[in-house]
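This report refers to the structure that appears directly beneath it.
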Amino acid sequence: MGYNFLPYDQDQLYLLPPSINEWVPEGSLPRFVDEVVETLDMNGRLQGFYEGYRADGWGRAAYHPKMMVKVLIYAYCHGITSSRRIARGLESDVGLRYLSANQQPDFRTIADFRKDNLDAIRGLHIEVLELCREAGLMKMGRVALDGRKVAGNAALVRNRTREALETEVEKILAEAERVDAEEDALYGEENRGDERPEKLAADAGYWSEENARLGDDLTELFIATKKDWKQRKALAEQGPPRGRIPKNATARDRKVLRIGLSSFL
């Protein structure tokens, strides 16, 4: 009888196109960020993000500011400040892919959007964090929210909490600028840092050669192991040898000669 495994086929196609909405559970942080930003946009609170774009429809189409805002807010709430890490997350993180609707702006577009809308992002991020606190979200990445209830907007406790959030947001945005500058110097302004090495990109047969070499090595290892196992089995069937132990025997050989090889199989 064969093994009883669940079907595993990485080339299996979906019968119907999947919906990314099914990947993100209700009540999760991506859903919350999406709802908050959509509400703020309907109330005209995101108007500052639209001012840098042409209103006549001319020019190359740009990524929607609402989408970019959602992606940045979600990433910063998780302590991800690097534009390169955010760009990689847009390929692999379900929350980011949900908020971006599977769009994948590159790291330079993300960094430029942050720089061009720094003041608007600062105020919006603080507001989103306050709403998260009111919703009972205790922690979001590196931003700790106490979740305490207060009597009104003018309460001293609330004022101090807002000041703490403002300080935290300033640290996040400053770190985002610092990390991007360091990575620009490390990888170059046009490289993301996870590109395939030039040797692999230039030599299309590299992996084929490596796989062939690895296969030969594994074959040799298997043959040697099988041969060693047969020798041990033959010695074990003979039983432990009699007589004195040779003086030049190693510690392992002495142990084997005393108790026999059957325990090593």
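Just remember, in the structure tokens the first chain shown is A, the second B, etc., residues are 1-based per chain, and ligands are 1-based in the order shown.
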Those of region 35-135 of chain A in DSSP alpha helix (DSSP H), formatted as a count of residues only
69
I'd like the contact shell of Asp116 (chain A) - 9 Å cut-off, only C-alpha atoms, skipping same-chain residues fewer than 5 positions apart - returned as a PDB file with C-alpha atoms, in the first residue's frame.
ATOM      1  CA  PHE A  49      -2.702  63.284  -0.904  1.00  0.00           C
ATOM      2  CA  GLY A  52       0.227  66.487  -6.227  1.00  0.00           C
ATOM      3  CA  ALA A 111       9.847  55.946  -0.887  1.00  0.00           C
TER       4      ALA A 111
END
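Picture a line from CA of Tyr74 (chain A) to CA of Glu183 (chain A); it runs 21.0 Å.
For the pair CA of Arg88 (chain A) and CA of Arg122 (chain A), the separation is 23.3 Å.
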Leaving out region 24-27 of chain A and any residue of its chain fewer than 4 positions from it, which residues lie within 9 Å of it when counting only C-alpha atoms, given as number ranges by chain?
A: 20, 31-32, 94-95, 98
Preceding selection exported with C-alpha atoms as a PDB file, in the first residue's frame:
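Result file follows (out23.pdb):
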ATOM      1  CA  ILE A  20      -8.150  37.935  -2.195  1.00  0.00           C
ATOM      2  CA  ARG A  31      -9.472  44.961   7.342  1.00  0.00           C
ATOM      3  CA  PHE A  32      -9.401  47.652  10.006  1.00  0.00           C
ATOM      4  CA  VAL A  94      -1.267  38.542   2.424  1.00  0.00           C
ATOM      5  CA  GLY A  95      -2.251  41.686   4.339  1.00  0.00           C
ATOM      6  CA  TYR A  98      -5.061  42.627   0.137  1.00  0.00           C
TER       7      TYR A  98
END
What does the distance from CA of Val179 (chain A) to CA of Arg85 (chain A) come to in Å, to one decimal?
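If I compute the distance from CA of Val179 (chain A) to CA of Arg85 (chain A), I get 10.3 Å.
Between Val71 (chain A) and the residues A:Arg84, A:Arg54, A:Arg97, A:Arg196, the shortest atom-to-atom distance, using only C-alpha atoms, involves A:Arg97.
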Spatial neighbours of region 63-68 of chain A, 7 Å, only C-alpha atoms, chain gap at least 6 places, as a short mmCIF file (atom, residue, chain, number, x, y, z; two decimals) with N, CA and C atoms, in the first residue's frame:
data_model
loop_
_atom_site.label_atom_id
_atom_site.label_comp_id
_atom_site.auth_asym_id
_atom_site.auth_seq_id
_atom_site.Cartn_x
_atom_site.Cartn_y
_atom_site.Cartn_z
N PHE A 49 -3.49 64.23 -0.11
CA PHE A 49 -2.70 63.28 -0.90
C PHE A 49 -2.98 63.42 -2.40
N TYR A 50 -4.09 64.05 -2.77
CA TYR A 50 -4.46 64.17 -4.19
C TYR A 50 -3.88 65.43 -4.83
N LEU A 99 -4.47 44.90 0.78
CA LEU A 99 -4.63 46.35 0.80
C LEU A 99 -4.24 46.98 -0.54
N SER A 100 -3.30 46.38 -1.25
CA SER A 100 -2.86 46.93 -2.54
C SER A 100 -3.64 46.38 -3.71
#
If you count only C-alpha atoms, which residues fall within 7 Å of region 165-174 of chain A, apart from same-chain ones fewer than 4 positions away, as a ChimeraX atom specification?
/A:81,122,126,161,178
Pick from A:Leu90, A:Leu221, A:Leu15, A:Val128 nearest to Glu38 (chain A), counting only C-alpha atoms
A:Val128
